[in-house]
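S.K.: The file below is upload_7.pdb, PDB, C-alpha atoms:
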ATOM      1  CA  MET A   1      -3.172 -23.399  -1.348
ATOM      2  CA  ILE A   2       0.043 -21.362  -1.013
ATOM      3  CA  ASP A   3       3.407 -23.158  -1.142
ATOM      4  CA  GLU A   4       5.500 -20.292   0.233
ATOM      5  CA  PRO A   5       3.439 -17.271   1.233
ATOM      6  CA  ARG A   6       5.170 -13.977   0.625
ATOM      7  CA  LEU A   7       4.287 -10.357   0.339
ATOM      8  CA  SER A   8       4.586  -9.045  -3.185
ATOM      9  CA  ALA A   9       7.689  -7.107  -4.243
ATOM     10  CA  GLU A  10       5.600  -3.954  -4.083
ATOM     11  CA  GLU A  11       4.469  -4.722  -0.530
ATOM     12  CA  LEU A  12       8.015  -5.518   0.606
ATOM     13  CA  ALA A  13       9.260  -2.258  -0.895
ATOM     14  CA  CYS A  14       6.449  -0.409   0.838
ATOM     15  CA  PHE A  15       7.306  -1.825   4.262
ATOM     16  CA  SER A  16      11.002  -1.280   3.666
ATOM     17  CA  GLU A  17      10.299   2.379   2.966
ATOM     18  CA  LEU A  18       7.762   2.842   5.774
ATOM     19  CA  PHE A  19       9.882   1.152   8.427
ATOM     20  CA  SER A  20      13.356   2.323   7.419
ATOM     21  CA  SER A  21      14.343   2.988  11.052
ATOM     22  CA  THR A  22      13.472   1.496  14.408
ATOM     23  CA  ARG A  23      11.217   4.329  15.512
ATOM     24  CA  MET A  24       9.079   6.036  12.926
ATOM     25  CA  GLY A  25       7.174   9.263  13.118
ATOM     26  CA  THR A  26       3.646   9.625  14.335
ATOM     27  CA  ILE A  27       0.263   9.936  12.730
ATOM     28  CA  LEU A  28      -2.910  11.545  13.884
ATOM     29  CA  ASN A  29      -5.468   8.823  14.536
ATOM     30  CA  ASN A  30      -8.656   9.304  16.564
ATOM     31  CA  ASP A  31      -7.239  12.623  17.840
ATOM     32  CA  SER A  32      -4.267  10.912  19.518
ATOM     33  CA  LEU A  33      -0.644  10.505  18.474
ATOM     34  CA  VAL A  34       0.431   6.910  17.972
ATOM     35  CA  ASN A  35       4.043   5.724  17.639
ATOM     36  CA  HIS A  36       5.027   3.258  14.938
ATOM     37  CA  LEU A  37       7.771   0.790  15.718
ATOM     38  CA  LEU A  38       9.619  -1.962  13.920
ATOM     39  CA  THR A  39      11.247  -4.790  15.883
ATOM     40  CA  VAL A  40      12.903  -8.078  14.910
ATOM     41  CA  THR A  41      12.721 -10.707  17.651
ATOM     42  CA  THR A  42      13.550 -14.378  18.183
ATOM     43  CA  GLU A  43      10.831 -14.664  20.808
ATOM     44  CA  VAL A  44       7.476 -15.510  19.282
ATOM     45  CA  PRO A  45       4.664 -14.550  21.696
ATOM     46  CA  GLN A  46       2.385 -17.364  22.824
ATOM     47  CA  VAL A  47      -0.670 -15.575  21.454
ATOM     48  CA  VAL A  48       0.653 -15.938  17.888
ATOM     49  CA  ALA A  49       2.987 -18.954  18.179
ATOM     50  CA  SER A  50       0.365 -21.536  17.236
ATOM     51  CA  ILE A  51      -0.911 -19.350  14.409
ATOM     52  CA  LEU A  52       2.490 -18.621  12.869
ATOM     53  CA  GLY A  53       3.524 -22.265  12.960
ATOM     54  CA  LYS A  54       7.281 -22.923  13.081
ATOM     55  CA  ALA A  55       8.461 -19.337  12.688
ATOM     56  CA  LYS A  56      11.721 -18.749  14.606
ATOM     57  CA  LEU A  57      12.214 -15.097  13.716
ATOM     58  CA  THR A  58       9.463 -12.517  13.580
ATOM     59  CA  LEU A  59       9.274  -8.912  12.542
ATOM     60  CA  LEU A  60       6.896  -6.819  14.635
ATOM     61  CA  ALA A  61       5.394  -3.702  13.101
ATOM     62  CA  GLU A  62       3.301  -1.648  15.512
ATOM     63  CA  VAL A  63       0.810   0.381  13.504
ATOM     64  CA  GLY A  64      -1.647   2.452  15.509
ATOM     65  CA  PRO A  65      -3.608   0.131  17.850
ATOM     66  CA  TYR A  66      -2.443  -2.961  15.951
ATOM     67  CA  LYS A  67       0.580  -5.248  16.024
ATOM     68  CA  LEU A  68       1.574  -6.962  12.779
ATOM     69  CA  TRP A  69       3.669 -10.089  13.418
ATOM     70  CA  PHE A  70       5.508 -11.123  10.237
ATOM     71  CA  PRO A  71       7.182 -14.554  10.102
ATOM     72  CA  LEU A  72      10.735 -13.816   8.929
ATOM     73  CA  GLN A  73      13.010 -16.302   7.171
ATOM     74  CA  ILE A  74      16.603 -15.740   6.136
ATOM     75  CA  LYS A  75      17.542 -17.795   3.076
ATOM     76  CA  ALA A  76      20.648 -17.984   0.931
ATOM     77  CA  ASP A  77      20.128 -17.264  -2.767
ATOM     78  CA  ASP A  78      21.982 -18.894  -5.681
ATOM     79  CA  PHE A  79      24.953 -16.587  -5.085
ATOM     80  CA  GLY A  80      25.224 -17.377  -1.386
ATOM     81  CA  LEU A  81      23.792 -14.049  -0.295
ATOM     82  CA  PHE A  82      21.314 -14.041   2.562
ATOM     83  CA  GLN A  83      17.899 -12.701   1.666
ATOM     84  CA  PRO A  84      15.136 -11.977   4.193
ATOM     85  CA  THR A  85      11.662 -13.213   3.287
ATOM     86  CA  LEU A  86       8.606 -11.857   5.028
ATOM     87  CA  GLY A  87       5.632 -14.147   5.440
ATOM     88  CA  VAL A  88       2.026 -13.066   5.748
ATOM     89  CA  PRO A  89       1.491 -11.197   9.041
ATOM     90  CA  GLU A  90      -0.821 -12.017  11.888
ATOM     91  CA  VAL A  91      -2.663  -8.834  12.885
ATOM     92  CA  LEU A  92      -3.329  -8.368  16.606
ATOM     93  CA  ASP A  93      -5.725  -5.795  17.990
ATOM     94  CA  VAL A  94      -4.206  -4.376  21.181
ATOM     95  CA  SER A  95      -6.799  -1.669  21.867
ATOM     96  CA  GLY A  96      -8.357  -3.866  24.573
ATOM     97  CA  ILE A  97      -7.553  -7.483  25.326
ATOM     98  CA  GLU A  98      -4.748  -8.429  22.925
ATOM     99  CA  ARG A  99      -6.203 -10.820  20.373
ATOM    100  CA  SER A 100      -6.238 -11.581  16.669
ATOM    101  CA  TRP A 101      -7.927  -8.869  14.638
ATOM    102  CA  ARG A 102     -11.498  -9.769  13.710
ATOM    103  CA  LEU A 103     -13.162  -9.035  10.387
ATOM    104  CA  ALA A 104     -16.537  -7.950  11.751
ATOM    105  CA  HIS A 105     -18.524  -8.375   8.530
ATOM    106  CA  ALA A 106     -17.194 -11.411   6.674
ATOM    107  CA  ASP A 107     -19.233 -11.141   3.487
ATOM    108  CA  ASP A 108     -19.491 -14.275   1.343
ATOM    109  CA  VAL A 109     -17.528 -16.473   3.773
ATOM    110  CA  TRP A 110     -19.116 -19.875   4.398
ATOM    111  CA  ILE A 111     -18.791 -23.038   6.422
ATOM    112  CA  PHE A 112     -19.635 -26.195   4.476
ATOM    113  CA  ASP A 113     -20.675 -29.413   6.199
ATOM    114  CA  HIS A 114     -19.854 -32.195   3.748
ATOM    115  CA  ASP A 115     -21.269 -34.868   6.062
ATOM    116  CA  GLN A 116     -24.758 -33.422   6.053
ATOM    117  CA  GLY A 117     -24.735 -31.323   2.890
ATOM    118  CA  GLU A 118     -25.352 -28.077   4.804
ATOM    119  CA  GLN A 119     -23.767 -24.661   4.622
ATOM    120  CA  TRP A 120     -23.823 -21.692   7.007
ATOM    121  CA  PRO A 121     -22.715 -18.066   6.597
ATOM    122  CA  VAL A 122     -19.803 -16.800   8.672
ATOM    123  CA  GLU A 123     -20.676 -13.459  10.250
ATOM    124  CA  SER A 124     -17.249 -12.545  11.653
ATOM    125  CA  LEU A 125     -13.807 -14.086  11.284
ATOM    126  CA  SER A 126     -10.312 -13.986  12.730
ATOM    127  CA  SER A 127      -7.387 -16.332  12.179
ATOM    128  CA  SER A 128      -8.404 -18.437  15.182
ATOM    129  CA  GLY A 129     -12.141 -17.951  15.685
ATOM    130  CA  MET A 130     -15.415 -17.145  13.975
ATOM    131  CA  ALA A 131     -19.099 -16.541  14.537
ATOM    132  CA  ILE A 132     -21.338 -18.771  12.409
ATOM    133  CA  ARG A 133     -25.039 -18.170  11.797
ATOM    134  CA  ALA A 134     -26.495 -21.636  12.278
ATOM    135  CA  GLN A 135     -30.012 -22.573  13.354
ATOM    136  CA  SER A 136     -28.722 -25.658  15.131
ATOM    137  CA  SER A 137     -25.291 -25.391  16.701
ATOM    138  CA  GLN A 138     -25.605 -29.052  17.740
ATOM    139  CA  GLN A 139     -25.782 -30.078  14.082
ATOM    140  CA  LEU A 140     -22.825 -27.849  13.267
ATOM    141  CA  LEU A 141     -20.682 -29.152  16.124
ATOM    142  CA  SER A 142     -21.467 -32.790  15.370
ATOM    143  CA  SER A 143     -19.946 -32.618  11.890
ATOM    144  CA  LYS A 144     -16.523 -34.172  11.345
ATOM    145  CA  ASP A 145     -15.926 -32.700   7.892
ATOM    146  CA  LEU A 146     -16.217 -28.910   7.906
ATOM    147  CA  GLN A 147     -14.628 -26.596   5.358
ATOM    148  CA  LEU A 148     -14.223 -22.841   5.509
ATOM    149  CA  GLN A 149     -14.594 -21.152   2.110
ATOM    150  CA  LEU A 150     -13.306 -17.641   1.407
ATOM    151  CA  PRO A 151     -14.702 -15.350  -1.314
ATOM    152  CA  ASN A 152     -11.654 -15.983  -3.540
ATOM    153  CA  GLY A 153     -12.512 -19.705  -3.678
ATOM    154  CA  GLU A 154      -9.814 -20.753  -1.205
ATOM    155  CA  THR A 155     -11.051 -23.570   1.041
ATOM    156  CA  MET A 156      -9.616 -25.109   4.164
ATOM    157  CA  ARG A 157     -10.646 -27.937   6.449
ATOM    158  CA  VAL A 158     -11.276 -26.731   9.998
ATOM    159  CA  ASP A 159     -11.782 -28.398  13.372
ATOM    160  CA  ILE A 160     -13.999 -26.273  15.595
ATOM    161  CA  LYS A 161     -14.500 -26.001  19.333
ATOM    162  CA  PRO A 162     -17.552 -24.215  20.761
ATOM    163  CA  ILE A 163     -17.126 -21.107  22.914
ATOM    164  CA  ARG A 164     -20.673 -19.780  23.310
ATOM    165  CA  ARG A 165     -23.941 -19.185  21.519
ATOM    166  CA  GLU A 166     -25.521 -15.742  21.245
ATOM    167  CA  LYS A 167     -28.245 -14.147  19.115
ATOM    168  CA  GLY A 168     -28.419 -17.058  16.681
ATOM    169  CA  LEU A 169     -24.632 -17.226  16.305
ATOM    170  CA  ALA A 170     -22.353 -20.125  17.209
ATOM    171  CA  VAL A 171     -19.067 -18.575  18.356
ATOM    172  CA  VAL A 172     -16.237 -21.076  17.926
ATOM    173  CA  LYS A 173     -12.494 -21.461  17.939
ATOM    174  CA  PHE A 174     -10.974 -23.419  15.090
ATOM    175  CA  GLU A 175      -7.761 -25.047  13.916
ATOM    176  CA  ALA A 176      -6.509 -25.481  10.361
ATOM    177  CA  GLU A 177      -3.346 -26.702   8.639
ATOM    178  CA  SER A 178      -0.471 -24.190   8.662
ATOM    179  CA  GLU A 179      -0.416 -23.631   4.892
ATOM    180  CA  GLU A 180      -4.143 -23.012   4.886
ATOM    181  CA  ARG A 181      -3.748 -20.588   7.770
ATOM    182  CA  ASP A 182      -1.341 -18.619   5.575
ATOM    183  CA  ALA A 183      -4.091 -18.151   3.002
ATOM    184  CA  LEU A 184      -6.511 -17.076   5.728
ATOM    185  CA  ARG A 185      -3.999 -14.584   7.182
ATOM    186  CA  GLN A 186      -3.474 -13.128   3.705
ATOM    187  CA  PHE A 187      -7.244 -12.717   3.299
ATOM    188  CA  LEU A 188      -7.554 -11.005   6.693
ATOM    189  CA  PHE A 189      -4.468  -8.831   6.166
ATOM    190  CA  ASN A 190      -5.837  -7.612   2.825
ATOM    191  CA  HIS A 191      -9.078  -6.596   4.522
ATOM    192  CA  HIS A 192      -7.214  -4.938   7.389
ATOM    193  CA  ARG A 193      -5.178  -2.822   4.982
ATOM    194  CA  SER A 194      -8.309  -1.908   3.072
ATOM    195  CA  GLN A 195     -10.328  -0.960   6.156
ATOM    196  CA  HIS A 196      -7.465   0.923   7.828
ATOM    197  CA  ALA A 197      -5.790   2.473   4.800
ATOM    198  CA  ASN A 198      -5.192   5.675   6.787
ATOM    199  CA  LEU A 199      -2.855   3.824   9.164
ATOM    200  CA  TYR A 200      -0.720   2.661   6.269
ATOM    201  CA  SER A 201      -0.789   5.850   4.213
ATOM    202  CA  LYS A 202      -0.187   8.525   6.867
ATOM    203  CA  LEU A 203       3.086   7.210   8.240
ATOM    204  CA  SER A 204       5.831   9.806   8.076
TER     205      SER A 204
END
Rewrite the structure from the file as structure tokens, please.

M.R.:
Amino acid sequence: MIDEPRLSAEELACFSELFSSTRMGTILNNDSLVNHLLTVTTEVPQVVASILGKAKLTLLAEVGPYKLWFPLQIKADDFGLFQPTLGVPEVLDVSGIERSWRLAHADDVWIFDHDQGEQWPVESLSSSGMAIRAQSSQQLLSSKDLQLQLPNGETMRVDIKPIRREKGLAVVKFEAESEERDALRQFLFNHHRSQHANLYSKLS
């Protein structure tokens, strides 16, 4: 569990360098030019408000077809100087319906049912929903003690709500504690950077 999620010094330096002005250059992605913008706002969009918890300030980085919403806190250090602290971003996919980015192949991510001693693999995962491969969705939905486990060993208790069932998958929404959501966002952000390294490396 993370007490105060932050990007590393290296990551902060990277974003400081990449987004040194309001409007950045363009990159070639899928044969189309995409603008990259950086915005600080006091209005947290409804689509990310529940996910980002009590964030009052956010930094929006628009990278290709994605929006990265960083919770932003301004804190005074020991010398009374104000220092900005970026939290872990929520990644939105805006290529179609704007929604949290989904890790399509969530390898080694599991749901554990402590009530019934069962476990099910998670096929895809976002910060607010997932698709679970379960033979009996009724058994899954009846459990009152479910935990999501990430490959790094991080676990979090989740409350799920069914959306639909398709091709042996139970598609659900879920809620988790804010600190645990931070760990999940970090996991998803790491995968997003890895899968879309070209979007982060070709900024000019």

S.K.: Find, counting all atoms listed in the file, the residue in A:Ser143, A:Ile132, A:Ser126, A:Ala183 that gets nearest to Val171 (chain A).

M.R.: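 Checking each of A:Ser143, A:Ile132, A:Ser126, A:Ala183 against Val171 (chain A), counting all atoms listed in the file, the winner is A:Ile132.
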
S.K.: I'd like the interatomic distance between CA of Phe82 (chain A) and CA of Leu188 (chain A), to a tenth of an Å.

M.R.: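 Interatomic distance here is 29.3 Å.
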
S.K.: Determine the residue membership of the PyMOL selection byres ((chain A and resi 144-146) around 8) for the file above and supply it as a PyMOL selection string.

M.R.: chain A and resi 111-115+142-143+147-148+157-159

S.K.: With C-alpha atoms retained, export the selected residues as a CSV table (one decimal), in the frame of the given file.

M.R.:
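Listed below is the output, out34.csv:
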chain,number,residue,atom,x,y,z
A,111,ILE,CA,-18.8,-23.0,6.4
A,112,PHE,CA,-19.6,-26.2,4.5
A,113,ASP,CA,-20.7,-29.4,6.2
A,114,HIS,CA,-19.9,-32.2,3.7
A,115,ASP,CA,-21.3,-34.9,6.1
A,142,SER,CA,-21.5,-32.8,15.4
A,143,SER,CA,-19.9,-32.6,11.9
A,147,GLN,CA,-14.6,-26.6,5.4
A,148,LEU,CA,-14.2,-22.8,5.5
A,157,ARG,CA,-10.6,-27.9,6.4
A,158,VAL,CA,-11.3,-26.7,10.0
A,159,ASP,CA,-11.8,-28.4,13.4

S.K.: Taking all atoms listed in the file into account, which of A:Ala76, A:Ala61, A:Ala197, A:Met156 comes nearest Glu175 (chain A)?

M.R.: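 Of A:Ala76, A:Ala61, A:Ala197, A:Met156, the one nearest Glu175 (chain A) is A:Met156, counting all atoms listed in the file.
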
S.K.: Nearest to Leu86 (chain A) among A:Leu57, A:Ala104, A:Leu125, A:Leu141, with distances taken over all atoms listed in the file: which residue is it?

M.R.: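 The shortest atom-to-atom distance to Leu86 (chain A) comes from A:Leu57.
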
S.K.: Quick one, how far is CA of Arg164 (chain A) from CA of Met130 (chain A)?

M.R.: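 Straight-line distance from CA of Arg164 (chain A) to CA of Met130 (chain A) works out to 11.0 Å.
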
S.K.: In Å, with one decimal, what is the gap from CA of Pro84 (chain A) to CA of Pro71 (chain A)?

M.R.: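 Distance between the two atoms: 10.2 Å.
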
S.K.: Complete the atoms of region 109-120 of chain A to all heavy atoms and put them out as a PDB file, in the frame of the given file.

M.R.:
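Saved as rebuild-v6.pdb:
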ATOM      1  N   VAL A 109     -18.377 -15.448   3.164  1.00  0.00           N
ATOM      2  CA  VAL A 109     -17.528 -16.473   3.773  1.00  0.00           C
ATOM      3  C   VAL A 109     -18.468 -17.535   4.353  1.00  0.00           C
ATOM      4  O   VAL A 109     -19.435 -17.204   5.043  1.00  0.00           O
ATOM      5  CB  VAL A 109     -16.623 -15.896   4.882  1.00  0.00           C
ATOM      6  CG1 VAL A 109     -15.779 -16.991   5.521  1.00  0.00           C
ATOM      7  CG2 VAL A 109     -15.737 -14.792   4.322  1.00  0.00           C
ATOM      8  N   TRP A 110     -18.186 -18.803   4.052  1.00  0.00           N
ATOM      9  CA  TRP A 110     -19.116 -19.875   4.398  1.00  0.00           C
ATOM     10  C   TRP A 110     -18.419 -21.037   5.091  1.00  0.00           C
ATOM     11  O   TRP A 110     -17.218 -21.267   4.882  1.00  0.00           O
ATOM     12  CB  TRP A 110     -19.802 -20.417   3.130  1.00  0.00           C
ATOM     13  CG  TRP A 110     -20.635 -19.412   2.419  1.00  0.00           C
ATOM     14  CD1 TRP A 110     -20.209 -18.479   1.501  1.00  0.00           C
ATOM     15  CD2 TRP A 110     -22.033 -19.199   2.578  1.00  0.00           C
ATOM     16  NE1 TRP A 110     -21.251 -17.710   1.084  1.00  0.00           N
ATOM     17  CE2 TRP A 110     -22.398 -18.123   1.712  1.00  0.00           C
ATOM     18  CE3 TRP A 110     -23.024 -19.814   3.351  1.00  0.00           C
ATOM     19  CZ2 TRP A 110     -23.710 -17.661   1.615  1.00  0.00           C
ATOM     20  CZ3 TRP A 110     -24.330 -19.350   3.248  1.00  0.00           C
ATOM     21  CH2 TRP A 110     -24.665 -18.288   2.392  1.00  0.00           C
ATOM     22  N   ILE A 111     -19.197 -21.746   5.888  1.00  0.00           N
ATOM     23  CA  ILE A 111     -18.791 -23.038   6.422  1.00  0.00           C
ATOM     24  C   ILE A 111     -19.624 -24.102   5.729  1.00  0.00           C
ATOM     25  O   ILE A 111     -20.859 -24.017   5.704  1.00  0.00           O
ATOM     26  CB  ILE A 111     -19.013 -23.122   7.948  1.00  0.00           C
ATOM     27  CG1 ILE A 111     -17.911 -22.378   8.692  1.00  0.00           C
ATOM     28  CG2 ILE A 111     -19.054 -24.559   8.423  1.00  0.00           C
ATOM     29  CD1 ILE A 111     -16.554 -23.074   8.677  1.00  0.00           C
ATOM     30  N   PHE A 112     -18.950 -25.087   5.145  1.00  0.00           N
ATOM     31  CA  PHE A 112     -19.635 -26.195   4.476  1.00  0.00           C
ATOM     32  C   PHE A 112     -19.502 -27.457   5.315  1.00  0.00           C
ATOM     33  O   PHE A 112     -18.412 -27.807   5.760  1.00  0.00           O
ATOM     34  CB  PHE A 112     -19.042 -26.443   3.080  1.00  0.00           C
ATOM     35  CG  PHE A 112     -19.422 -25.393   2.074  1.00  0.00           C
ATOM     36  CD1 PHE A 112     -18.605 -24.289   1.868  1.00  0.00           C
ATOM     37  CD2 PHE A 112     -20.592 -25.501   1.343  1.00  0.00           C
ATOM     38  CE1 PHE A 112     -18.944 -23.321   0.946  1.00  0.00           C
ATOM     39  CE2 PHE A 112     -20.941 -24.540   0.410  1.00  0.00           C
ATOM     40  CZ  PHE A 112     -20.127 -23.442   0.221  1.00  0.00           C
ATOM     41  N   ASP A 113     -20.631 -28.135   5.501  1.00  0.00           N
ATOM     42  CA  ASP A 113     -20.675 -29.413   6.199  1.00  0.00           C
ATOM     43  C   ASP A 113     -20.870 -30.499   5.154  1.00  0.00           C
ATOM     44  O   ASP A 113     -21.973 -30.707   4.652  1.00  0.00           O
ATOM     45  CB  ASP A 113     -21.840 -29.403   7.194  1.00  0.00           C
ATOM     46  CG  ASP A 113     -21.961 -30.716   7.953  1.00  0.00           C
ATOM     47  OD1 ASP A 113     -21.275 -31.693   7.586  1.00  0.00           O
ATOM     48  OD2 ASP A 113     -22.743 -30.766   8.911  1.00  0.00           O
ATOM     49  N   HIS A 114     -19.784 -31.176   4.802  1.00  0.00           N
ATOM     50  CA  HIS A 114     -19.854 -32.195   3.748  1.00  0.00           C
ATOM     51  C   HIS A 114     -20.552 -33.460   4.224  1.00  0.00           C
ATOM     52  O   HIS A 114     -21.071 -34.232   3.416  1.00  0.00           O
ATOM     53  CB  HIS A 114     -18.460 -32.496   3.211  1.00  0.00           C
ATOM     54  CG  HIS A 114     -17.876 -31.361   2.425  1.00  0.00           C
ATOM     55  ND1 HIS A 114     -18.205 -31.115   1.118  1.00  0.00           N
ATOM     56  CD2 HIS A 114     -17.005 -30.384   2.788  1.00  0.00           C
ATOM     57  CE1 HIS A 114     -17.548 -30.048   0.687  1.00  0.00           C
ATOM     58  NE2 HIS A 114     -16.818 -29.582   1.680  1.00  0.00           N
ATOM     59  N   ASP A 115     -20.571 -33.697   5.532  1.00  0.00           N
ATOM     60  CA  ASP A 115     -21.269 -34.868   6.062  1.00  0.00           C
ATOM     61  C   ASP A 115     -22.765 -34.767   5.834  1.00  0.00           C
ATOM     62  O   ASP A 115     -23.423 -35.739   5.447  1.00  0.00           O
ATOM     63  CB  ASP A 115     -21.003 -35.013   7.572  1.00  0.00           C
ATOM     64  CG  ASP A 115     -19.607 -35.540   7.855  1.00  0.00           C
ATOM     65  OD1 ASP A 115     -18.976 -36.077   6.917  1.00  0.00           O
ATOM     66  OD2 ASP A 115     -19.150 -35.418   9.006  1.00  0.00           O
ATOM     67  N   GLN A 116     -23.315 -33.585   6.079  1.00  0.00           N
ATOM     68  CA  GLN A 116     -24.758 -33.422   6.053  1.00  0.00           C
ATOM     69  C   GLN A 116     -25.261 -32.553   4.899  1.00  0.00           C
ATOM     70  O   GLN A 116     -26.453 -32.295   4.789  1.00  0.00           O
ATOM     71  CB  GLN A 116     -25.227 -32.830   7.399  1.00  0.00           C
ATOM     72  CG  GLN A 116     -24.763 -33.666   8.590  1.00  0.00           C
ATOM     73  CD  GLN A 116     -25.172 -33.075   9.915  1.00  0.00           C
ATOM     74  OE1 GLN A 116     -26.351 -32.878  10.172  1.00  0.00           O
ATOM     75  NE2 GLN A 116     -24.187 -32.791  10.764  1.00  0.00           N
ATOM     76  N   GLY A 117     -24.336 -32.108   4.042  1.00  0.00           N
ATOM     77  CA  GLY A 117     -24.735 -31.323   2.890  1.00  0.00           C
ATOM     78  C   GLY A 117     -25.324 -29.969   3.249  1.00  0.00           C
ATOM     79  O   GLY A 117     -26.189 -29.454   2.541  1.00  0.00           O
ATOM     80  N   GLU A 118     -24.854 -29.369   4.347  1.00  0.00           N
ATOM     81  CA  GLU A 118     -25.352 -28.077   4.804  1.00  0.00           C
ATOM     82  C   GLU A 118     -24.276 -27.012   4.629  1.00  0.00           C
ATOM     83  O   GLU A 118     -23.082 -27.306   4.528  1.00  0.00           O
ATOM     84  CB  GLU A 118     -25.759 -28.148   6.278  1.00  0.00           C
ATOM     85  CG  GLU A 118     -26.898 -29.103   6.579  1.00  0.00           C
ATOM     86  CD  GLU A 118     -28.252 -28.536   6.199  1.00  0.00           C
ATOM     87  OE1 GLU A 118     -28.333 -27.320   5.909  1.00  0.00           O
ATOM     88  OE2 GLU A 118     -29.232 -29.306   6.197  1.00  0.00           O
ATOM     89  N   GLN A 119     -24.714 -25.767   4.612  1.00  0.00           N
ATOM     90  CA  GLN A 119     -23.767 -24.661   4.622  1.00  0.00           C
ATOM     91  C   GLN A 119     -24.337 -23.525   5.473  1.00  0.00           C
ATOM     92  O   GLN A 119     -25.542 -23.339   5.558  1.00  0.00           O
ATOM     93  CB  GLN A 119     -23.465 -24.157   3.217  1.00  0.00           C
ATOM     94  CG  GLN A 119     -24.634 -23.490   2.498  1.00  0.00           C
ATOM     95  CD  GLN A 119     -24.242 -23.010   1.119  1.00  0.00           C
ATOM     96  OE1 GLN A 119     -23.492 -23.676   0.406  1.00  0.00           O
ATOM     97  NE2 GLN A 119     -24.730 -21.843   0.736  1.00  0.00           N
ATOM     98  N   TRP A 120     -23.413 -22.782   6.137  1.00  0.00           N
ATOM     99  CA  TRP A 120     -23.823 -21.692   7.007  1.00  0.00           C
ATOM    100  C   TRP A 120     -22.940 -20.482   6.740  1.00  0.00           C
ATOM    101  O   TRP A 120     -21.725 -20.614   6.512  1.00  0.00           O
ATOM    102  CB  TRP A 120     -23.676 -22.089   8.474  1.00  0.00           C
ATOM    103  CG  TRP A 120     -24.510 -23.265   8.885  1.00  0.00           C
ATOM    104  CD1 TRP A 120     -25.832 -23.259   9.235  1.00  0.00           C
ATOM    105  CD2 TRP A 120     -24.085 -24.624   8.998  1.00  0.00           C
ATOM    106  NE1 TRP A 120     -26.254 -24.514   9.553  1.00  0.00           N
ATOM    107  CE2 TRP A 120     -25.205 -25.380   9.419  1.00  0.00           C
ATOM    108  CE3 TRP A 120     -22.875 -25.290   8.789  1.00  0.00           C
ATOM    109  CZ2 TRP A 120     -25.141 -26.748   9.633  1.00  0.00           C
ATOM    110  CZ3 TRP A 120     -22.813 -26.652   8.994  1.00  0.00           C
ATOM    111  CH2 TRP A 120     -23.933 -27.361   9.414  1.00  0.00           C
TER     112      TRP A 120
END
